[in-house]
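One structure is given below, encoded as structure tokens.
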Amino acid sequence: MQPPVISFKRLGQVFETAAGRAVTALDGVSFDIGRHEFVAVLGPSGCGKSTLLRLIAGLIAPTRGSVEIWGMPVTEPRDEIGIVFQRPTLLPWFDVLGNVTFPMRHKYGRVGEAERARARELLALVDLADFADKRIDELSGGMQQRVAIARALLLDPDILLMDEPFSALDALTRDEMSFELLRIWSERPKTVLFITHSIPEAVLLADRIVVMTPRPGRVREILDVPLPRPRSLATLTDPTFHALADHIRGTLFSRPAAA
Amino acid sequence: MSDTTAAAPETTLPETDAAPTAPAAGVGTTLLAWLDRFAPALAFAAALAVWEAATWVFAIPSFLLPAPSAIVAAGLATPAEVWLGHIWATLRVALMGYLLAIAVSVPLAVALASSRLLSRTLYPMLVVVQSTPIVAVAPIIVVTLGASDLPRVVITFLITFFPIVVSTVTGLLSTPEELIELSRSLRAGRSREILHIRLPYAVPHLVSALKISTTLAVIGAVVAEFVAAERGLGFFILFSTSFFKIPAAFAGLVVLVAISLALFRLVGLAQKMLVPWSLPKSER
């Protein structure tokens, strides 16, 4: 196996609440993510999933252990990472194209013709080729999240971090976006860490699923998803899909008495 | 708009935008649409008419409550160049105080929003300044700063700047956490975070404060003129009342209201032209 792109080494994160109480968000989290692997981190709310993402992004520093990218400990935000958040959080004063090119403008102060061309390419990739000049409030929630994905891809990151990106969308749009993401990922292979609390979403998308326990967030189980790619609507009726989903459901809802 | 006139042949006004209702709907709806459009003006005219009638019927002396017609007459009796002189004096002070307030408030808001220590240190002081009745401080400021435009501008500034600071700080802090994280993940730096993300996010808040502050600026200028001035609409009103020329004082008041409204509209127009995205979709 190739050396891992991201590795978590006995990662622990303790936060202090406003009342001064220490809360353990993550405890002894260790696993690796390989190149161009799609890993879903699945768990109930309060299991430190988002903390995990912010640790890889270098937005916070771990209390214990370390996160490594290409074998180097993460100490600050790095260029090879793109982030898609739960909410699209686009900028209403820019049109769609301006939002996609925003990372360039923000990081380097200006946007060249090359970036604009690249942004148009990415808009075509996310199926919004004709929407470059549209205002943000003219787009639906799903379309806005596509723009956010294009924005995350602008600087061509190796790693794509997604923090429950479809959880604010309605059920139909959500399914559609899952297949869209798989298509985009097959056209632009990236190492993806996808945070979610939806079991079917994790099974449909990921190569491997990291199931977390809540408070403190620990790795309960790491599962390979043996479903063939490319995945399609047919995947949803595959017996393996259901067996795996049922297994995870069983794991999440069985709370060992001595845990 | 008027998409089809075929349904109602008697309606022979195919080009008017005044009645956006479907012509087939009948006279009732047309009347309603007309009312909807002109009701505010009608109500205003009616109030004036009642006022006018009341002063005649009850024979109210003009030094207690002048009739609208008397106010207009008094307004016309004062020469235009006298009006312009007073208007310019008040407007100049109001605008200078207003612009000074913007120039001070926005950077101050950025500083307060950026530093917890600074905001904890300065905020109580700002609240004290804001809580001091400006009318009570005005005479002191005039004595301290002398008889020029300076004390008047300072008084206008003092009454105007606080809402701008508070709203801008609120706006700066209302930026979604994700965008700040995006900014940090790009290592864009603090100044770009403020310029590219936080300040634009504060614009809708800033604009509403700027609208409120136009009125406050006029109030500030007038209060300053009440204390010490030889020109300006505040002075004109004070001067007129001291000679029991109440209709003239009312005329000055009308001009003041007109200035306030004009400034308010001007900020609204500027918003529409410069930052249309900050308006709700329906008002663009």
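To be explicit about the labels: the chains of the structure tokens are called A, B, and onward in the order shown, and within each one the residues are counted from 1, while ligands get numbers from 1 in the order they are shown.
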Surrounding residues of Asp156 in chain A excluding itself and chain neighbours under 6 positions, 10 Å, only C-alpha atoms, as a list in words: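 Residues near the query, excluding close chain neighbours: Asp79, Glu80, Ile81, Gly82, Arg118, Ala150, Arg188 and Lys190 of chain A.
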Give me every alpha helix (DSSP H) residue in range 5-197 of chain A, going by DSSP on the backbone, as a PyMOL selection string. chain A and resi 49-56+96-100+102-108+113-125+141-153+171-187
Counting only C-alpha atoms, which residue out of A:Thr75, A:Ser167, A:Ser178, A:Thr240 sits closest to chain B?
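Nearest to chain B: A:Thr75.
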Neighbours of chain A in chain B at 9 Å, counting only C-alpha atoms, as a PyMOL selection string = chain B and resi 176+178-179+181-189+192-193+196-197+200-201+275-278+281
message = From a backbone DSSP assignment, name each residue in range 4-125 of chain A labelled strand (DSSP E or B), as an MDAnalysis selection string.
response = chainID A and resid 6:16 22:33 38:42 64:69 72:73 81:84 95
Go ahead and write the selection's residues with N, CA and C atoms as a CSV table (one decimal), in the first residue's frame.
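Output contents, as saved in again-v4.csv:
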chain,number,residue,atom,x,y,z
A,6,ILE,N,-3.1,11.2,4.7
A,6,ILE,CA,-3.4,11.7,6.1
A,6,ILE,C,-3.3,10.6,7.1
A,7,SER,N,-2.6,10.9,8.2
A,7,SER,CA,-2.7,9.9,9.3
A,7,SER,C,-2.9,10.6,10.6
A,8,PHE,N,-3.8,10.0,11.4
A,8,PHE,CA,-4.1,10.5,12.7
A,8,PHE,C,-3.4,9.6,13.7
A,9,LYS,N,-2.6,10.1,14.6
A,9,LYS,CA,-1.8,9.3,15.5
A,9,LYS,C,-2.2,9.6,16.9
A,10,ARG,N,-3.0,8.7,17.5
A,10,ARG,CA,-3.4,8.8,18.9
A,10,ARG,C,-3.9,10.2,19.2
A,11,LEU,N,-4.8,10.7,18.3
A,11,LEU,CA,-5.2,12.1,18.4
A,11,LEU,C,-6.2,12.3,19.6
A,12,GLY,N,-5.9,13.3,20.4
A,12,GLY,CA,-6.8,13.7,21.4
A,12,GLY,C,-7.1,15.2,21.4
A,13,GLN,N,-8.3,15.5,21.7
A,13,GLN,CA,-8.7,17.0,21.7
A,13,GLN,C,-9.5,17.2,22.9
A,14,VAL,N,-9.1,18.1,23.7
A,14,VAL,CA,-9.9,18.5,24.9
A,14,VAL,C,-10.2,20.0,24.8
A,15,PHE,N,-11.5,20.3,25.0
A,15,PHE,CA,-11.9,21.7,25.0
A,15,PHE,C,-12.2,22.1,26.4
A,16,GLU,N,-12.1,23.4,26.6
A,16,GLU,CA,-12.6,23.9,27.9
A,16,GLU,C,-13.9,24.7,27.6
A,22,ALA,N,-13.5,20.8,31.5
A,22,ALA,CA,-12.8,20.2,30.3
A,22,ALA,C,-13.7,19.2,29.7
A,23,VAL,N,-13.8,19.3,28.3
A,23,VAL,CA,-14.7,18.3,27.6
A,23,VAL,C,-13.8,17.6,26.6
A,24,THR,N,-13.7,16.3,26.6
A,24,THR,CA,-12.9,15.5,25.7
A,24,THR,C,-13.7,15.3,24.4
A,25,ALA,N,-13.3,16.0,23.3
A,25,ALA,CA,-14.0,15.8,22.1
A,25,ALA,C,-13.5,14.6,21.3
A,26,LEU,N,-12.2,14.4,21.3
A,26,LEU,CA,-11.6,13.2,20.6
A,26,LEU,C,-10.6,12.5,21.6
A,27,ASP,N,-10.6,11.2,21.5
A,27,ASP,CA,-9.7,10.5,22.4
A,27,ASP,C,-9.1,9.3,21.6
A,28,GLY,N,-7.8,9.3,21.5
A,28,GLY,CA,-7.0,8.2,20.9
A,28,GLY,C,-7.5,7.8,19.5
A,29,VAL,N,-7.7,8.8,18.7
A,29,VAL,CA,-8.1,8.5,17.3
A,29,VAL,C,-6.9,8.2,16.4
A,30,SER,N,-6.8,7.0,15.9
A,30,SER,CA,-5.7,6.6,15.0
A,30,SER,C,-6.3,6.0,13.8
A,31,PHE,N,-6.1,6.5,12.6
A,31,PHE,CA,-6.3,5.8,11.3
A,31,PHE,C,-5.6,6.6,10.2
A,32,ASP,N,-5.5,5.9,9.1
A,32,ASP,CA,-4.8,6.5,7.9
A,32,ASP,C,-5.8,6.6,6.8
A,33,ILE,N,-5.5,7.6,5.9
A,33,ILE,CA,-6.3,7.7,4.7
A,33,ILE,C,-5.3,7.7,3.5
A,38,PHE,N,-11.6,7.7,-0.6
A,38,PHE,CA,-12.8,8.4,-0.1
A,38,PHE,C,-13.2,7.8,1.2
A,39,VAL,N,-13.0,8.6,2.3
A,39,VAL,CA,-13.2,8.0,3.6
A,39,VAL,C,-14.4,8.8,4.2
A,40,ALA,N,-15.4,8.2,4.7
A,40,ALA,CA,-16.5,8.8,5.4
A,40,ALA,C,-16.3,8.6,6.9
A,41,VAL,N,-16.4,9.7,7.7
A,41,VAL,CA,-16.4,9.6,9.1
A,41,VAL,C,-17.9,9.8,9.6
A,42,LEU,N,-18.3,8.7,10.2
A,42,LEU,CA,-19.8,8.6,10.5
A,42,LEU,C,-19.9,8.6,12.1
A,64,ARG,N,-3.5,16.3,22.2
A,64,ARG,CA,-2.6,15.1,22.3
A,64,ARG,C,-2.4,14.5,20.9
A,65,GLY,N,-1.3,13.8,20.7
A,65,GLY,CA,-1.1,13.1,19.4
A,65,GLY,C,-0.9,14.1,18.3
A,66,SER,N,-1.1,13.6,17.0
A,66,SER,CA,-0.8,14.5,15.9
A,66,SER,C,-1.6,14.0,14.7
A,67,VAL,N,-1.8,15.0,13.8
A,67,VAL,CA,-2.3,14.7,12.4
A,67,VAL,C,-1.1,15.0,11.5
A,68,GLU,N,-0.9,14.0,10.6
A,68,GLU,CA,0.2,14.2,9.6
A,68,GLU,C,-0.4,14.1,8.2
A,69,ILE,N,0.1,15.0,7.4
A,69,ILE,CA,-0.2,15.0,5.9
A,69,ILE,C,1.1,14.7,5.2
A,72,MET,N,4.1,14.7,7.4
A,72,MET,CA,4.5,15.9,8.1
A,72,MET,C,3.4,16.3,9.1
A,73,PRO,N,3.7,16.6,10.4
A,73,PRO,CA,2.7,17.0,11.3
A,73,PRO,C,2.1,18.4,10.8
A,81,ILE,N,-5.4,21.7,0.7
A,81,ILE,CA,-6.7,21.4,1.3
A,81,ILE,C,-7.8,22.3,0.8
A,82,GLY,N,-8.9,21.7,0.4
A,82,GLY,CA,-10.1,22.4,0.0
A,82,GLY,C,-11.2,22.0,1.0
A,83,ILE,N,-12.0,23.0,1.4
A,83,ILE,CA,-13.0,22.6,2.4
A,83,ILE,C,-14.4,23.0,1.9
A,84,VAL,N,-15.4,22.1,2.1
A,84,VAL,CA,-16.8,22.4,1.8
A,84,VAL,C,-17.5,22.2,3.2
A,95,ASP,N,-21.0,37.6,-7.9
A,95,ASP,CA,-21.8,36.6,-8.6
A,95,ASP,C,-21.2,35.2,-8.5
